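Q: Right, I'll just put the structure down here and ask away after.
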Amino acid sequence: MDLIEQLMAGLPLPRLARFVAAAGAFLPAAALAADLTPRPVPAFVEAPPPMWVVTLSANVQAMPQYPGSKDYTGIVYPSGSIRRLGEPKRFSAPDDGISFALYDSPSLRIGPTARILTGRYFGDNRKALFGFKDVRWSVEPGIFVEFWPIPILRARGELRHGVFGHHGLVGTVALDYVQPVDRFVLSLGPRFNFGDESFARRYFGVTPDEAALNGLVTPYRPDTYVTVGALAALTYTFNEQWSATGYASYNRIVADAGASPLVRGRFGTPDQFIFGTRVDYSFTMPAPF
């Protein structure tokens with residue numbers, strides 16, 4: 001016997017009638033009350049836009065006047081990098097190109113990079129470069145790959161192509177031992193730079209006409225450009241926005257380019273030193289995409 005039959009069997013008829021009437025009156029009222037109860041309205045909160053941390057760097061260097069020169073000059077130039085807000089600040093060597101990582105993981109980074117290479121002009125050394133054509137400054141866009149096999153060791157490679165001053169293919173391979181100590185970061189590691197025939201002949205070649213006009217050199221056609229060396233740097237971080245780096249590097253021009261009359265002659269040297277300081281300033285901005 002179900003519940004309704006039990007109620008009907010146990011209640012006198014007048015009581016049963018009053019019970020049914022009361023239940024019939026209660027149910028519509030309960031349904032109406034449920035309809036009148038206010039329901040929460042969904043709240044839509046606009047998600048904050050993705051943010052970037054942009055680091056702008058000012059570099060001051062003492063360096064050879066042009067590749068292979070024994071005379072030095074001072075230059076000032078900008079550089080920089082971009083990372084997503086919340087990502088830890090990455091180590092960056094002073095000779096890294098301006099870079100942005102499209103793929104970024106704790107051990108591997110890949111993305112576009114670019115460098116600016118100074119030119120070689122007659123006014124740099126009128127005695128050594130008499131008769132030589134000027135080589136304009138160049139922009140070298142390309143790609144980079146950075147790999148951290150362990151937290152204190154970084155391997156980085158760049159492959160770039162010149163525009164304006166030269167149109168050769170050039171690259172850099174670097175290995176850095178990176179050791180943080182409180183607010184300081186010490187880095188040290190070897191460097192290997194290379195360039196193709198187009199780059200080597202542009203900066204280190206001597207045409208017969210140039211040799212005849214100059215009178216101090218003979219014609220020369222190098223096929224490759226290679227340097228080997230090292231870079232050491234020390235960075236101090238003042239706060240989240242400001243840091244400063246001092247560094248020194250040495251590269252020796254070898255192979256075909258190292259035998260050029262512009263390098264081995266009275267005005268050149270294969271030993272190339274760079275001394276510099278870099279000041280970094282970081283700020284946040286909405287990501288444009």
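Here's how to read the names in the structure tokens: chain A, B, ... by the order shown, residue numbers from 1 in each chain, ligand numbers from 1 in the order shown.
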Neighbouring residues of Ala114 (chain A) were defined as those with any atom within 8 Å, considering only C-alpha atoms; residues of the same chain fewer than 2 positions away were excluded. Please report them as a list in words.
A: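 Counting only the stated atoms, we get Gly97, Ile98, Ser99, Pro112, Ile116, Val139, Glu140, Pro141, Gly142, Ile143 and Arg160 of chain A.
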Q: Write a file of the selected residues as a JSON list (two decimals), in the first residue's frame, keeping N, CA, C and O atoms.
A:
[["chain", "number", "residue", "atom", "x", "y", "z"],
["A", 97, "GLY", "N", 71.93, 39.70, -29.10],
["A", 97, "GLY", "CA", 71.13, 40.59, -29.94],
["A", 97, "GLY", "C", 69.83, 40.96, -29.26],
["A", 97, "GLY", "O", 69.43, 40.36, -28.24],
["A", 98, "ILE", "N", 69.15, 41.96, -29.79],
["A", 98, "ILE", "CA", 67.82, 42.33, -29.31],
["A", 98, "ILE", "C", 66.88, 41.17, -29.65],
["A", 98, "ILE", "O", 66.74, 40.79, -30.80],
["A", 99, "SER", "N", 66.24, 40.59, -28.62],
["A", 99, "SER", "CA", 65.55, 39.31, -28.81],
["A", 99, "SER", "C", 64.15, 39.32, -28.21],
["A", 99, "SER", "O", 63.88, 40.05, -27.26],
["A", 112, "PRO", "N", 62.90, 35.58, -32.66],
["A", 112, "PRO", "CA", 63.64, 36.50, -33.52],
["A", 112, "PRO", "C", 64.67, 37.31, -32.74],
["A", 112, "PRO", "O", 64.51, 37.54, -31.53],
["A", 116, "ILE", "N", 72.94, 45.41, -34.67],
["A", 116, "ILE", "CA", 73.41, 46.50, -35.51],
["A", 116, "ILE", "C", 74.93, 46.42, -35.57],
["A", 116, "ILE", "O", 75.59, 46.34, -34.53],
["A", 139, "VAL", "N", 72.03, 46.39, -40.41],
["A", 139, "VAL", "CA", 71.09, 45.75, -39.50],
["A", 139, "VAL", "C", 71.11, 44.26, -39.82],
["A", 139, "VAL", "O", 71.08, 43.88, -41.00],
["A", 140, "GLU", "N", 71.19, 43.43, -38.79],
["A", 140, "GLU", "CA", 71.26, 41.99, -38.98],
["A", 140, "GLU", "C", 70.10, 41.30, -38.27],
["A", 140, "GLU", "O", 70.21, 40.89, -37.12],
["A", 141, "PRO", "N", 68.95, 41.15, -38.93],
["A", 141, "PRO", "CA", 67.85, 40.38, -38.33],
["A", 141, "PRO", "C", 68.09, 38.88, -38.49],
["A", 141, "PRO", "O", 68.80, 38.45, -39.40],
["A", 142, "GLY", "N", 67.50, 38.11, -37.58],
["A", 142, "GLY", "CA", 67.67, 36.67, -37.66],
["A", 142, "GLY", "C", 66.89, 35.95, -36.57],
["A", 142, "GLY", "O", 65.89, 36.46, -36.06],
["A", 143, "ILE", "N", 67.34, 34.77, -36.20],
["A", 143, "ILE", "CA", 66.69, 33.96, -35.17],
["A", 143, "ILE", "C", 67.73, 33.54, -34.13],
["A", 143, "ILE", "O", 68.93, 33.50, -34.43],
["A", 160, "ARG", "N", 71.99, 35.21, -38.47],
["A", 160, "ARG", "CA", 71.46, 36.48, -38.93],
["A", 160, "ARG", "C", 71.86, 36.74, -40.37],
["A", 160, "ARG", "O", 72.82, 36.16, -40.88]]
Q: For region 229-240 of chain A, list every protein, DNA or RNA residue within 7 Å, evaluated using only C-alpha atoms, and leave out those in the same chain fewer than 2 positions away; present the list as an NGL selection string.
A: :A and (183-192 or 227 or 242-252)
Q: Show me a table, sorted first by chain and then by increasing residue number, of the residues of region 174-249 of chain A having an atom at most 12 Å from region 64-79 of chain A, each with its shortest atom pair and the distance in Å to one decimal, counting only C-alpha atoms and written as a tab-separated table.
A:
residue	atom	partner	partner_atom	distance
A:Phe199	CA	A:Pro67	CA	11.3
A:Ala200	CA	A:Pro67	CA	10.4
A:Arg202	CA	A:Pro67	CA	10.9
A:Tyr203	CA	A:Pro67	CA	7.2
A:Phe204	CA	A:Gly68	CA	8.1
A:Gly205	CA	A:Gly68	CA	11.7
A:Tyr225	CA	A:Pro67	CA	10.7
A:Val226	CA	A:Pro67	CA	11.6
A:Thr227	CA	A:Pro67	CA	10.7
A:Ser249	CA	A:Pro64	CA	11.9
Q: If DSSP is run on the backbone, what residues of region 97-155 of chain A are strand (DSSP E or B)? A reply as a compact mmCIF listing (two decimals) with N, CA, C and O atoms, in the first residue's frame would be ideal.
A:
# COMPACT_ATOMS: atom_id res chain seq x y z
N ILE A 98 69.15 41.96 -29.79
CA ILE A 98 67.82 42.33 -29.31
C ILE A 98 66.88 41.17 -29.65
O ILE A 98 66.74 40.79 -30.80
N SER A 99 66.24 40.59 -28.62
CA SER A 99 65.55 39.31 -28.81
C SER A 99 64.15 39.32 -28.21
O SER A 99 63.88 40.05 -27.26
N PHE A 100 63.29 38.47 -28.79
CA PHE A 100 61.96 38.21 -28.25
C PHE A 100 61.65 36.73 -28.44
O PHE A 100 61.72 36.21 -29.55
N TYR A 103 58.90 31.01 -28.37
CA TYR A 103 58.75 29.79 -27.55
C TYR A 103 59.64 29.96 -26.34
O TYR A 103 60.84 30.24 -26.47
N ASP A 104 59.07 29.80 -25.15
CA ASP A 104 59.81 30.08 -23.93
C ASP A 104 59.49 29.03 -22.87
O ASP A 104 58.34 28.93 -22.43
N LEU A 108 64.50 26.07 -22.68
CA LEU A 108 64.66 26.35 -24.12
C LEU A 108 63.88 27.60 -24.50
O LEU A 108 62.73 27.77 -24.12
N ARG A 109 64.54 28.47 -25.29
CA ARG A 109 63.91 29.67 -25.81
C ARG A 109 64.26 29.80 -27.29
O ARG A 109 65.40 29.57 -27.69
N ILE A 110 63.27 30.18 -28.10
CA ILE A 110 63.47 30.35 -29.54
C ILE A 110 62.70 31.58 -29.98
O ILE A 110 61.55 31.79 -29.56
N GLY A 111 63.29 32.40 -30.86
CA GLY A 111 62.58 33.57 -31.34
C GLY A 111 63.43 34.44 -32.24
O GLY A 111 64.59 34.10 -32.56
N PRO A 112 62.90 35.58 -32.66
CA PRO A 112 63.64 36.50 -33.52
C PRO A 112 64.67 37.31 -32.74
O PRO A 112 64.51 37.54 -31.53
N THR A 113 65.69 37.73 -33.43
CA THR A 113 66.73 38.58 -32.84
C THR A 113 67.25 39.53 -33.90
O THR A 113 66.98 39.35 -35.10
N ALA A 114 68.00 40.54 -33.49
CA ALA A 114 68.58 41.50 -34.44
C ALA A 114 69.77 42.19 -33.79
O ALA A 114 69.83 42.35 -32.56
N ARG A 115 70.71 42.57 -34.62
CA ARG A 115 71.89 43.32 -34.17
C ARG A 115 72.16 44.45 -35.15
O ARG A 115 71.71 44.43 -36.30
N ILE A 116 72.94 45.41 -34.67
CA ILE A 116 73.41 46.50 -35.51
C ILE A 116 74.93 46.42 -35.57
O ILE A 116 75.59 46.34 -34.53
N LEU A 117 75.49 46.42 -36.76
CA LEU A 117 76.94 46.34 -36.95
C LEU A 117 77.43 47.66 -37.51
O LEU A 117 76.90 48.18 -38.50
N ARG A 120 82.38 50.78 -41.93
CA ARG A 120 83.80 51.14 -42.09
C ARG A 120 83.87 52.27 -43.10
O ARG A 120 83.47 52.12 -44.26
N VAL A 135 81.97 50.92 -46.23
CA VAL A 135 81.01 49.87 -45.91
C VAL A 135 80.01 50.47 -44.92
O VAL A 135 80.38 50.83 -43.79
N SER A 138 75.13 48.20 -40.78
CA SER A 138 74.17 47.16 -41.18
C SER A 138 73.23 46.81 -40.05
O SER A 138 73.59 46.90 -38.87
N VAL A 139 72.03 46.39 -40.41
CA VAL A 139 71.09 45.75 -39.50
C VAL A 139 71.11 44.26 -39.82
O VAL A 139 71.08 43.88 -41.00
N GLU A 140 71.19 43.43 -38.79
CA GLU A 140 71.26 41.99 -38.98
C GLU A 140 70.10 41.30 -38.27
O GLU A 140 70.21 40.89 -37.12
N PRO A 141 68.95 41.15 -38.93
CA PRO A 141 67.85 40.38 -38.33
C PRO A 141 68.09 38.88 -38.49
O PRO A 141 68.80 38.45 -39.40
N GLY A 142 67.50 38.11 -37.58
CA GLY A 142 67.67 36.67 -37.66
C GLY A 142 66.89 35.95 -36.57
O GLY A 142 65.89 36.46 -36.06
N ILE A 143 67.34 34.77 -36.20
CA ILE A 143 66.69 33.96 -35.17
C ILE A 143 67.73 33.54 -34.13
O ILE A 143 68.93 33.50 -34.43
N PHE A 144 67.25 33.23 -32.92
CA PHE A 144 68.15 32.73 -31.89
C PHE A 144 67.55 31.49 -31.24
O PHE A 144 66.33 31.30 -31.21
N VAL A 145 68.41 30.64 -30.72
CA VAL A 145 68.03 29.47 -29.92
C VAL A 145 68.88 29.50 -28.66
O VAL A 145 70.12 29.63 -28.74
N GLU A 146 68.23 29.37 -27.51
CA GLU A 146 68.93 29.43 -26.23
C GLU A 146 68.57 28.19 -25.42
O GLU A 146 67.38 27.89 -25.25
N PHE A 147 69.57 27.51 -24.90
CA PHE A 147 69.34 26.25 -24.19
C PHE A 147 70.10 26.26 -22.86
O PHE A 147 71.28 26.63 -22.81
N TRP A 148 69.38 25.88 -21.79
CA TRP A 148 69.96 25.78 -20.46
C TRP A 148 69.99 24.31 -20.04
O TRP A 148 69.02 23.78 -19.53
N PRO A 149 71.10 23.60 -20.22
CA PRO A 149 71.15 22.19 -19.80
C PRO A 149 71.08 22.04 -18.28
O PRO A 149 70.54 21.06 -17.77
N ILE A 150 71.67 23.00 -17.56
CA ILE A 150 71.58 23.08 -16.10
C ILE A 150 71.39 24.54 -15.74
O ILE A 150 71.66 25.43 -16.57
N LEU A 153 74.32 27.09 -16.60
CA LEU A 153 75.03 27.01 -17.88
C LEU A 153 74.07 27.30 -19.02
O LEU A 153 73.04 26.65 -19.16
N ARG A 154 74.44 28.29 -19.85
CA ARG A 154 73.59 28.69 -20.98
C ARG A 154 74.36 28.54 -22.28
O ARG A 154 75.50 28.98 -22.41
N ALA A 155 73.70 27.92 -23.27
CA ALA A 155 74.23 27.85 -24.63
C ALA A 155 73.29 28.65 -25.53
O ALA A 155 72.07 28.51 -25.44
Q: Which residue is closest to Asp271 (chain A)? Choose from A:Phe283, A:Gln241, A:Leu85, A:Gly258 and count only C-alpha atoms.
A: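 Under the stated criterion, the closest residue is A:Gly258.
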Q: Can you measure CA of Val279 (chain A) to CA of Tyr121 (chain A) for me? One decimal in Å is fine.
A: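 That distance, rounded to one decimal, is 28.6 Å.
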Q: Figure out the distance between CA of Met51 (chain A) and CA of Arg83 (chain A), please, to one decimal in Å.
A: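 Distance between the two atoms: 8.8 Å.
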Q: Name the residues of region 46-286 of chain A that come out as alpha helix (DSSP H) in a backbone DSSP run; write them as a list in words.
A: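 Secondary structure check on region 46-286 of chain A, alpha helix (DSSP H): Glu197, Ser198, Phe199, Ala200, Arg201, Arg202, Tyr203, Phe204, Pro208, Asp209, Glu210, Ala211, Ala212, Leu213, Asn214, Ala255, Asp256, Ala257, Gly258, Pro261, Leu262, Val263 and Arg264 of chain A.
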Q: How many Å lie between CA of Arg278 (chain A) and CA of Pro88 (chain A), rounded to one decimal?
A: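 That distance, rounded to one decimal, is 20.1 Å.
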Q: Let me make sure I understand: among A:Leu175, A:Val181, A:Leu216, A:Ile152, which one has the smallest atom-to-atom distance to Asp95 (chain A) if we use only C-alpha atoms?
A: A:Leu175
Q: Excluding Tyr220 (chain A) and residues on its chain fewer than 3 positions from it, collect all residues at most 10 Å away from it, counting only C-alpha atoms, and give them as a compact mmCIF listing (two decimals) with C-alpha atoms, in the first residue's frame.
A:
# COMPACT_ATOMS: atom_id res chain seq x y z
CA ARG A 201 84.89 40.01 -48.75
CA PHE A 204 88.22 42.10 -45.31
CA GLY A 205 88.58 41.80 -49.08
CA VAL A 206 90.77 44.04 -51.24
CA THR A 207 89.87 44.56 -54.89
CA PRO A 208 92.59 45.25 -57.50
CA ALA A 211 94.95 47.95 -53.89
CA VAL A 217 98.16 46.55 -49.77
CA ASP A 223 86.16 33.14 -48.33
CA ASP A 256 90.79 33.76 -44.21
CA ALA A 257 89.71 37.08 -42.71
CA ALA A 259 95.09 36.91 -43.10
CA SER A 260 93.65 40.02 -44.77
CA PRO A 261 96.03 42.95 -45.41
CA LEU A 262 93.50 45.08 -43.50
Q: What lies within 9 Å of Val53 (chain A) using only C-alpha atoms, ignoring chain neighbours under 6 positions off, as a VMD selection string?
A: chain A and resid 81 to 87 282 to 286
